[in-house]
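Beneath this line is the structure, given in C-alpha cells, with notes to follow.
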Amino acid sequence: MKQKRDRVGFAIIGTGTVAIRHARAIQEIECAELVAVHDVDTERCLSFAREHNTEAVLHLQDLLANDHIDVVTVATPSGTHSTVAIPAAKAGKHIICEKPLETTLEKADAIIETCKENKVYLAAIFQSRFGRIVQLIKRTIDAGRFGKLILASAQVKWYRSVDYYASAGWRGTWELDGGGVLMNQSIHIIDLLLYLVGNPREVFAYTDLLTHTGLEVEDTACAAIRFENGAMGVIEASTSCAPGFPRKLEISGQNGSIVLEDDRLIRWQFTEEYPEDQEIRRKGEIGEGLHSGAGDPKAAGYKGHKQQFQDMARAILENREPLISGREGRRALELICGIYESARSGQPYRFSE
Ligand SMILES: NC(=O)c1ccc[n+]([C@@H]2O[C@H](COP(=O)([O-])OP(=O)(O)OC[C@H]3O[C@@H](n4cnc5c(N)ncnc54)[C@H](O)[C@@H]3O)[C@@H](O)[C@H]2O)c1
C-alpha cells in the first residue's frame with residue numbers, strides 16, 4: 001500500500017446522479033485529483049467528463065491500467081458494485097464504494113475479501129458519519145454520559161415520486177437496488193443507529209408496498225430491534241409519505257436524550273447540565289448546512305462525501321485503513337437483510353454472535 005506521489009489520483013466509475021457529488025468532492029480536495037471517469041453509457045461518460053474537465057475512458061480495463069489512478073469510486077447501480085470493485089481491486093486500485101456495499105452479504109463479502117487479498121483499502125460510503133454533530137453524539141455515548149442506552153428510533157418519512165423510480169431501470173428492483181426504502185434511502189440512518197447504539201441481537205419487521213404500484217420491493221417498512229447491549233429500537237421508513245419530512249434519529253438513555261433531524265440537533269438534554277450544553281444546543285440547532293434528500297434525491301449536498309474522500313486520500317498517504325472500512329459498511333447491510341428475512345418469514349430474525 002505504498003503511495004509515492006503527494007497527490008492521490010481518483011477515477012469515478014458510473015457517471016450518474018451521485019457521481020456529481022463525487023466529482024465535486026474530489027475536485028475540492030487539495031491532495032486529490034480527478035484523473036478519469038468511466039460509464040457503460042458512452043454519451044453520459046463523455047458529457048460528464050466535459051462538464052468536470054476530466055478524461056472519459058470508454059473501457060474499464062483501460063482505466064484500470066492507468067498508473068495515475070490510485071482510487072476508484074464505485075457509483076454504479078448497487079447490484080453492480082462487485083462487478084466494478086472486484087476487477088478494480090485486482091488491478092491494485094483502492095476502492096471507495098457507494099452504499100450499500102452490494103445488494104447481498106455474499107457479494108459484499110466478495111468485495112471485502114478481494115480487497116484484502118490484493119492489499120488495497122476499501123472504504124464504504126456512509127458520509128453521514130462524518131458530520132460534526134454525529135461525532136459529538138458518538139463521543140458522548142462512548143464517554144458514558146447517556147448512562148444505559150434505553151431506546152433508539154430512526155425515521156425516514158420521505159417521498160419519492162413515480163418519476164424517481166422510472167428515472168433508471170435499476171431503481172426499485174431486488175437484483176440491482178437490493179430492496180426498497182430500507183436498502184436505498186434508509187441505509188444511512190440505519191448505519192448511524194448501529195454506529196451509535198451498537199450491534200443488533202434480534203429484529204422483527206413488517207414491509208409492504210403501499211403506494212408505488214408495480215415495484216418489486218417495499219416502499220414502507222417498520223422494524224423493532226433488540227440490541228446486544230439491551231437497548232430497544234424502532235426503524236420506520238417510507239418513500240410514500242408526502243411531502244417528506246427530515247429524517248430523524250432519537251436516542252434516549254437513562255441519563256439523557258438527543259434528537260437529530262437531518263443535520264440539526266433539535267434536542268440535547270441530560271439530567272445533569274454541563275456548562276457547554278447551551279452552546280451545543282445553540283450551534284446544533286443551526287445544523288451543518290447539509291441539504292436533506294427528504295423530497296428530492298438531487299437536493300443532497302456533497303460535504304459528507306468530501307470528508308470521506310479526504311479520509312481515503314489521507315489513509316493512502318499515511319498508509320492506514322480508512323475510517324469506514326468494508327467490514328463497517330457491511331453492518332447496515334446485514335441488519336437490512338435480517339429485516340427482509342423477518343418480514344418474509346413472519347418471525348423474528350436473530351443475528352449470529
Ligand atoms: N451516498 C449517497 O448518499 C448516495 C446517494 C445516491 C446514490 N447513491 C448510490 O450510488 C449508486 C449510484 O446511484 P445513482 O443514483 O447515481 O444511479 P444512476 O442511475 O443515476 O447512475 C448510475 C450510472 O452507472 C452507470 N453504470 C451502470 N452499470 C455500470 C457498469 N457496470 N460500469 C460502469 N457504469 C455503469 C449507468 O450508466 C449510470 O450512468 C447506487 O449504489 C446508490 O445507492 C448513494
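Within each chain, counting starts at residue 1; across the C-alpha cells, chains are named A, B, ... in the order shown, with ligands numbered 1 upward in that order.
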Nearby residues, ligand 1, 8 Å, only C-alpha atoms and all ligand atoms, as a PDB file with N, CA and C atoms, in the first residue's frame:
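Final output, saved to out.pdb:
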```
ATOM      1  N   ILE A  13     -16.331   5.551 -11.428  1.00  0.00           N
ATOM      2  CA  ILE A  13     -16.995   4.602 -12.330  1.00  0.00           C
ATOM      3  C   ILE A  13     -18.502   4.751 -12.120  1.00  0.00           C
ATOM      4  N   GLY A  14     -19.201   5.075 -13.191  1.00  0.00           N
ATOM      5  CA  GLY A  14     -20.648   5.329 -13.096  1.00  0.00           C
ATOM      6  C   GLY A  14     -20.846   6.823 -12.972  1.00  0.00           C
ATOM      7  N   THR A  15     -21.243   7.478 -14.069  1.00  0.00           N
ATOM      8  CA  THR A  15     -21.324   8.948 -14.058  1.00  0.00           C
ATOM      9  C   THR A  15     -22.789   9.419 -14.042  1.00  0.00           C
ATOM     10  N   GLY A  16     -23.541   8.873 -13.100  1.00  0.00           N
ATOM     11  CA  GLY A  16     -24.956   9.247 -12.972  1.00  0.00           C
ATOM     12  C   GLY A  16     -25.160  10.295 -11.898  1.00  0.00           C
ATOM     13  N   THR A  17     -26.247  10.153 -11.140  1.00  0.00           N
ATOM     14  CA  THR A  17     -26.674  11.181 -10.184  1.00  0.00           C
ATOM     15  C   THR A  17     -25.640  11.449  -9.094  1.00  0.00           C
ATOM     16  N   VAL A  18     -25.218  10.391  -8.386  1.00  0.00           N
ATOM     17  CA  VAL A  18     -24.351  10.613  -7.223  1.00  0.00           C
ATOM     18  C   VAL A  18     -22.923  10.978  -7.642  1.00  0.00           C
ATOM     19  N   ALA A  19     -22.560  10.625  -8.869  1.00  0.00           N
ATOM     20  CA  ALA A  19     -21.196  10.893  -9.343  1.00  0.00           C
ATOM     21  C   ALA A  19     -20.895  12.393  -9.354  1.00  0.00           C
ATOM     22  N   HIS A  38     -15.503   6.756 -16.030  1.00  0.00           N
ATOM     23  CA  HIS A  38     -15.945   5.717 -16.964  1.00  0.00           C
ATOM     24  C   HIS A  38     -17.411   5.416 -16.704  1.00  0.00           C
ATOM     25  N   ASP A  39     -18.146   5.150 -17.783  1.00  0.00           N
ATOM     26  CA  ASP A  39     -19.541   4.716 -17.658  1.00  0.00           C
ATOM     27  C   ASP A  39     -19.831   3.829 -18.861  1.00  0.00           C
ATOM     28  N   VAL A  40     -20.696   2.853 -18.682  1.00  0.00           N
ATOM     29  CA  VAL A  40     -21.068   1.998 -19.820  1.00  0.00           C
ATOM     30  C   VAL A  40     -21.888   2.790 -20.846  1.00  0.00           C
ATOM     31  N   ASP A  41     -22.475   3.889 -20.414  1.00  0.00           N
ATOM     32  CA  ASP A  41     -23.227   4.760 -21.321  1.00  0.00           C
ATOM     33  C   ASP A  41     -22.249   5.811 -21.861  1.00  0.00           C
ATOM     34  N   ARG A  44     -23.159   9.587 -21.784  1.00  0.00           N
ATOM     35  CA  ARG A  44     -23.172  10.116 -20.418  1.00  0.00           C
ATOM     36  C   ARG A  44     -21.744  10.311 -19.907  1.00  0.00           C
ATOM     37  N   CYS A  45     -20.890   9.361 -20.252  1.00  0.00           N
ATOM     38  CA  CYS A  45     -19.494   9.416 -19.812  1.00  0.00           C
ATOM     39  C   CYS A  45     -18.797  10.633 -20.427  1.00  0.00           C
ATOM     40  N   LEU A  60     -13.375  -0.051 -19.189  1.00  0.00           N
ATOM     41  CA  LEU A  60     -12.932  -0.140 -17.795  1.00  0.00           C
ATOM     42  C   LEU A  60     -11.480  -0.627 -17.703  1.00  0.00           C
ATOM     43  N   VAL A  74     -16.841   3.761  -6.754  1.00  0.00           N
ATOM     44  CA  VAL A  74     -17.851   2.946  -7.438  1.00  0.00           C
ATOM     45  C   VAL A  74     -19.210   3.608  -7.248  1.00  0.00           C
ATOM     46  N   ALA A  75     -19.759   4.144  -8.346  1.00  0.00           N
ATOM     47  CA  ALA A  75     -21.022   4.894  -8.287  1.00  0.00           C
ATOM     48  C   ALA A  75     -22.010   4.337  -9.306  1.00  0.00           C
ATOM     49  N   THR A  76     -21.972   3.038  -9.481  1.00  0.00           N
ATOM     50  CA  THR A  76     -22.879   2.348 -10.411  1.00  0.00           C
ATOM     51  C   THR A  76     -24.075   1.822  -9.607  1.00  0.00           C
ATOM     52  N   PRO A  77     -25.108   1.291 -10.275  1.00  0.00           N
ATOM     53  CA  PRO A  77     -26.243   0.729  -9.524  1.00  0.00           C
ATOM     54  C   PRO A  77     -25.765  -0.288  -8.478  1.00  0.00           C
ATOM     55  N   SER A  78     -26.443  -0.326  -7.341  1.00  0.00           N
ATOM     56  CA  SER A  78     -25.939  -1.069  -6.177  1.00  0.00           C
ATOM     57  C   SER A  78     -25.581  -2.527  -6.481  1.00  0.00           C
ATOM     58  N   GLY A  79     -26.429  -3.206  -7.277  1.00  0.00           N
ATOM     59  CA  GLY A  79     -26.187  -4.622  -7.555  1.00  0.00           C
ATOM     60  C   GLY A  79     -25.085  -4.874  -8.558  1.00  0.00           C
ATOM     61  N   THR A  80     -24.402  -3.806  -9.008  1.00  0.00           N
ATOM     62  CA  THR A  80     -23.251  -3.988  -9.907  1.00  0.00           C
ATOM     63  C   THR A  80     -21.942  -3.596  -9.216  1.00  0.00           C
ATOM     64  N   HIS A  81     -21.998  -3.218  -7.944  1.00  0.00           N
ATOM     65  CA  HIS A  81     -20.783  -2.723  -7.284  1.00  0.00           C
ATOM     66  C   HIS A  81     -19.646  -3.742  -7.332  1.00  0.00           C
ATOM     67  N   THR A  83     -19.122  -6.040  -9.528  1.00  0.00           N
ATOM     68  CA  THR A  83     -18.581  -6.261 -10.878  1.00  0.00           C
ATOM     69  C   THR A  83     -17.576  -5.166 -11.250  1.00  0.00           C
ATOM     70  N   VAL A  84     -17.621  -4.046 -10.556  1.00  0.00           N
ATOM     71  CA  VAL A  84     -16.654  -2.973 -10.788  1.00  0.00           C
ATOM     72  C   VAL A  84     -15.534  -3.042  -9.744  1.00  0.00           C
ATOM     73  N   GLU A  98     -19.904   3.106  -3.117  1.00  0.00           N
ATOM     74  CA  GLU A  98     -21.165   3.719  -2.683  1.00  0.00           C
ATOM     75  C   GLU A  98     -21.976   2.732  -1.843  1.00  0.00           C
ATOM     76  N   LYS A  99     -22.899   3.276  -1.086  1.00  0.00           N
ATOM     77  CA  LYS A  99     -23.791   2.442  -0.277  1.00  0.00           C
ATOM     78  C   LYS A  99     -24.884   1.851  -1.167  1.00  0.00           C
ATOM     79  N   PRO A 100     -25.446   0.735  -0.887  1.00  0.00           N
ATOM     80  CA  PRO A 100     -24.880  -0.273   0.006  1.00  0.00           C
ATOM     81  C   PRO A 100     -23.664  -0.895  -0.685  1.00  0.00           C
ATOM     82  N   LEU A 101     -22.795  -1.488   0.117  1.00  0.00           N
ATOM     83  CA  LEU A 101     -21.588  -2.111  -0.441  1.00  0.00           C
ATOM     84  C   LEU A 101     -21.969  -3.018  -1.617  1.00  0.00           C
ATOM     85  N   GLU A 102     -22.994  -3.768  -1.442  1.00  0.00           N
ATOM     86  CA  GLU A 102     -23.592  -4.587  -2.510  1.00  0.00           C
ATOM     87  C   GLU A 102     -25.019  -4.903  -2.078  1.00  0.00           C
ATOM     88  N   ILE A 125     -19.046   3.941   1.605  1.00  0.00           N
ATOM     89  CA  ILE A 125     -19.568   5.305   1.774  1.00  0.00           C
ATOM     90  C   ILE A 125     -20.744   5.339   2.751  1.00  0.00           C
ATOM     91  N   PHE A 126     -20.511   6.035   3.846  1.00  0.00           N
ATOM     92  CA  PHE A 126     -21.567   6.413   4.787  1.00  0.00           C
ATOM     93  C   PHE A 126     -21.210   7.806   5.267  1.00  0.00           C
ATOM     94  N   GLN A 127     -21.415   8.777   4.379  1.00  0.00           N
ATOM     95  CA  GLN A 127     -20.909  10.128   4.619  1.00  0.00           C
ATOM     96  C   GLN A 127     -21.509  10.772   5.855  1.00  0.00           C
ATOM     97  N   SER A 167     -36.743   6.839 -13.253  1.00  0.00           N
ATOM     98  CA  SER A 167     -35.602   7.584 -13.790  1.00  0.00           C
ATOM     99  C   SER A 167     -34.422   6.686 -14.159  1.00  0.00           C
ATOM    100  N   ALA A 168     -34.392   5.467 -13.644  1.00  0.00           N
ATOM    101  CA  ALA A 168     -33.364   4.492 -14.056  1.00  0.00           C
ATOM    102  C   ALA A 168     -33.963   3.111 -13.811  1.00  0.00           C
ATOM    103  N   GLY A 169     -33.748   2.223 -14.769  1.00  0.00           N
ATOM    104  CA  GLY A 169     -34.394   0.906 -14.739  1.00  0.00           C
ATOM    105  C   GLY A 169     -34.049   0.068 -13.507  1.00  0.00           C
ATOM    106  N   TRP A 170     -32.915   0.362 -12.867  1.00  0.00           N
ATOM    107  CA  TRP A 170     -32.477  -0.469 -11.749  1.00  0.00           C
ATOM    108  C   TRP A 170     -33.176  -0.104 -10.443  1.00  0.00           C
ATOM    109  N   ARG A 171     -33.766   1.073 -10.378  1.00  0.00           N
ATOM    110  CA  ARG A 171     -34.353   1.510  -9.102  1.00  0.00           C
ATOM    111  C   ARG A 171     -35.569   0.652  -8.747  1.00  0.00           C
ATOM    112  N   ASP A 177     -31.190  -2.868  -6.971  1.00  0.00           N
ATOM    113  CA  ASP A 177     -31.324  -1.913  -5.860  1.00  0.00           C
ATOM    114  C   ASP A 177     -31.187  -2.676  -4.538  1.00  0.00           C
ATOM    115  N   ASN A 184     -32.168   1.386   0.001  1.00  0.00           N
ATOM    116  CA  ASN A 184     -31.707   2.573  -0.725  1.00  0.00           C
ATOM    117  C   ASN A 184     -31.712   3.820   0.154  1.00  0.00           C
ATOM    118  N   GLN A 185     -32.894   4.286   0.545  1.00  0.00           N
ATOM    119  CA  GLN A 185     -32.948   5.595   1.222  1.00  0.00           C
ATOM    120  C   GLN A 185     -32.573   5.547   2.702  1.00  0.00           C
ATOM    121  N   HIS A 188     -28.470   4.943   5.363  1.00  0.00           N
ATOM    122  CA  HIS A 188     -27.585   5.882   6.076  1.00  0.00           C
ATOM    123  C   HIS A 188     -27.968   5.973   7.554  1.00  0.00           C
ATOM    124  N   PRO A 297     -33.985  13.523  -4.243  1.00  0.00           N
ATOM    125  CA  PRO A 297     -32.649  12.955  -4.053  1.00  0.00           C
ATOM    126  C   PRO A 297     -31.540  13.854  -4.594  1.00  0.00           C
ATOM    127  N   ALA A 300     -29.479  16.702  -2.159  1.00  0.00           N
ATOM    128  CA  ALA A 300     -28.471  16.426  -1.128  1.00  0.00           C
ATOM    129  C   ALA A 300     -27.114  17.029  -1.498  1.00  0.00           C
ATOM    130  N   HIS A 305     -19.435  13.550   1.431  1.00  0.00           N
ATOM    131  CA  HIS A 305     -18.586  12.788   0.508  1.00  0.00           C
ATOM    132  C   HIS A 305     -17.164  13.356   0.523  1.00  0.00           C
TER     133      HIS A 305
END
```
*Determine, counting only C-alpha atoms, which protein, DNA and RNA residues have an atom within 12 Å of an atom of Glu334 in chain A; residues of the same chain fewer than 4 positions away are not included. Present the result as a ChimeraX atom specification.*
/A:100-109,182-183,187,190-191,194,199-203,327-330,338-341,349-352
Just write the chosen residues, N, CA and C atoms, as a compact mmCIF listing (two decimals), in the first residue's frame.
```txt
# COMPACT_ATOMS: atom_id res chain seq x y z
N PRO A 100 -25.45 0.74 -0.89
CA PRO A 100 -24.88 -0.27 0.01
C PRO A 100 -23.66 -0.90 -0.69
N LEU A 101 -22.80 -1.49 0.12
CA LEU A 101 -21.59 -2.11 -0.44
C LEU A 101 -21.97 -3.02 -1.62
N GLU A 102 -22.99 -3.77 -1.44
CA GLU A 102 -23.59 -4.59 -2.51
C GLU A 102 -25.02 -4.90 -2.08
N THR A 103 -25.71 -5.72 -2.84
CA THR A 103 -27.11 -5.97 -2.51
C THR A 103 -27.30 -7.26 -1.70
N THR A 104 -26.26 -8.08 -1.60
CA THR A 104 -26.34 -9.27 -0.74
C THR A 104 -25.05 -9.35 0.08
N LEU A 105 -25.14 -10.08 1.19
CA LEU A 105 -23.94 -10.23 2.03
C LEU A 105 -22.86 -11.01 1.29
N GLU A 106 -23.26 -11.99 0.47
CA GLU A 106 -22.27 -12.79 -0.27
C GLU A 106 -21.46 -11.89 -1.20
N LYS A 107 -22.16 -11.03 -1.93
CA LYS A 107 -21.45 -10.17 -2.88
C LYS A 107 -20.61 -9.11 -2.14
N ALA A 108 -21.12 -8.62 -1.02
CA ALA A 108 -20.34 -7.65 -0.23
C ALA A 108 -19.07 -8.33 0.31
N ASP A 109 -19.22 -9.56 0.77
CA ASP A 109 -18.06 -10.28 1.30
C ASP A 109 -17.02 -10.53 0.21
N LEU A 182 -35.64 0.66 2.57
CA LEU A 182 -34.63 0.32 3.58
C LEU A 182 -33.23 0.31 2.95
N MET A 183 -33.09 -0.45 1.86
CA MET A 183 -31.76 -0.63 1.28
C MET A 183 -31.26 0.64 0.61
N ILE A 187 -30.59 3.40 4.47
CA ILE A 187 -29.37 2.70 4.92
C ILE A 187 -28.43 3.65 5.69
N ILE A 190 -29.76 3.86 9.23
CA ILE A 190 -29.59 2.54 9.85
C ILE A 190 -28.12 2.36 10.23
N ASP A 191 -27.23 2.83 9.37
CA ASP A 191 -25.80 2.77 9.71
C ASP A 191 -25.53 3.61 10.95
N LEU A 194 -26.58 1.84 14.13
CA LEU A 194 -25.64 0.79 14.54
C LEU A 194 -24.34 1.39 15.07
N ASN A 199 -24.53 -3.20 18.04
CA ASN A 199 -25.00 -4.27 17.15
C ASN A 199 -26.36 -4.80 17.58
N PRO A 200 -27.16 -5.22 16.60
CA PRO A 200 -28.47 -5.79 16.94
C PRO A 200 -28.34 -7.27 17.32
N ARG A 201 -29.23 -7.70 18.21
CA ARG A 201 -29.28 -9.14 18.53
C ARG A 201 -30.45 -9.78 17.78
N GLU A 202 -31.56 -9.06 17.71
CA GLU A 202 -32.76 -9.64 17.08
C GLU A 202 -33.61 -8.53 16.47
N VAL A 203 -34.31 -8.86 15.38
CA VAL A 203 -35.21 -7.87 14.75
C VAL A 203 -36.50 -8.55 14.33
N ARG A 327 -15.80 -3.80 6.37
CA ARG A 327 -16.47 -4.52 7.50
C ARG A 327 -17.49 -3.62 8.16
N GLU A 328 -17.11 -2.33 8.36
CA GLU A 328 -18.05 -1.37 8.97
C GLU A 328 -19.24 -1.16 8.05
N GLY A 329 -18.96 -1.06 6.75
CA GLY A 329 -20.02 -0.82 5.77
C GLY A 329 -21.00 -1.98 5.69
N ARG A 330 -20.51 -3.16 6.01
CA ARG A 330 -21.33 -4.38 5.92
C ARG A 330 -22.41 -4.43 7.01
N GLY A 338 -31.49 -8.91 7.52
CA GLY A 338 -32.22 -9.54 8.63
C GLY A 338 -33.66 -9.06 8.69
N ILE A 339 -33.86 -7.76 8.43
CA ILE A 339 -35.22 -7.20 8.42
C ILE A 339 -36.03 -7.84 7.30
N TYR A 340 -35.43 -7.95 6.12
CA TYR A 340 -36.15 -8.58 5.00
C TYR A 340 -36.50 -10.03 5.32
N GLU A 341 -35.57 -10.72 5.96
CA GLU A 341 -35.81 -12.13 6.30
C GLU A 341 -36.97 -12.24 7.29
N TYR A 349 -35.86 -12.29 13.48
CA TYR A 349 -34.59 -12.78 12.92
C TYR A 349 -33.50 -12.53 13.95
N ARG A 350 -32.76 -13.59 14.28
CA ARG A 350 -31.69 -13.47 15.29
C ARG A 350 -30.33 -13.42 14.60
N PHE A 351 -29.50 -12.46 14.99
CA PHE A 351 -28.18 -12.31 14.37
C PHE A 351 -27.19 -13.22 15.09
N SER A 352 -26.25 -13.77 14.31
CA SER A 352 -25.26 -14.64 14.94
C SER A 352 -24.32 -13.79 15.81
```
*Non-local contacts of Thr239 in chain A (10 Å; only C-alpha atoms; under 5 positions in same chain excluded) as a PyMOL selection string*: chain A and resi 156-161+180-182+185-186+209-212+218-221+244+294-295
*Out of range 151-221 of chain A, which residues get strand (DSSP E or B) from DSSP, as a count of residues only?*
19
*Write out as number ranges by chain all residues of range 84-188 of chain A that backbone DSSP assigns to alpha helix (DSSP H).*
A: 84-90, 105-117, 132-142, 162-166, 174-177, 187-188
*Residue contacts of range 213-217 of chain A (6 Å, only C-alpha atoms) excluding same-chain residues fewer than 3 positions away, as a VMD selection string*: chain A and resid 172 to 173 179 to 180
*CA of Gly131 in chain A and CA of Ile280 in chain A are how many Å apart?*
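Those two atoms sit 14.1 Å apart.
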*With only C-alpha atoms as the atoms that count, which of A:Thr207, A:Thr140, A:Ser238, A:Gln307 lies nearest to Ser342 in chain A?*
A:Thr207
Need the shell around Glu51 in chain A: protein/DNA/RNA residues with any atom at most 12 Å away, counting only C-alpha atoms. Skip same-chain ones fewer than 3 positions apart. Format as a compact mmCIF listing (two decimals) with C-alpha atoms, in the first residue's frame?
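Result file is out_36.txt:
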```txt
# COMPACT_ATOMS: atom_id res chain seq x y z
CA THR A 15 -21.32 8.95 -14.06
CA ALA A 19 -21.20 10.89 -9.34
CA ILE A 20 -21.71 14.66 -9.48
CA ALA A 23 -16.56 14.84 -8.74
CA ARG A 24 -17.22 18.00 -6.71
CA VAL A 37 -14.27 8.73 -15.37
CA ARG A 44 -23.17 10.12 -20.42
CA CYS A 45 -19.49 9.42 -19.81
CA LEU A 46 -18.34 11.95 -22.41
CA SER A 47 -20.64 14.74 -21.27
CA PHE A 48 -19.78 14.15 -17.60
CA THR A 54 -11.52 15.29 -16.83
CA GLU A 55 -10.81 12.36 -19.15
CA ALA A 56 -13.54 9.96 -20.30
```
_From the options A:Val8, A:Ala154, A:Cys115, A:Ile258, which residue's atoms come nearest to Ile29 in chain A, counting only C-alpha atoms?_
A:Val8
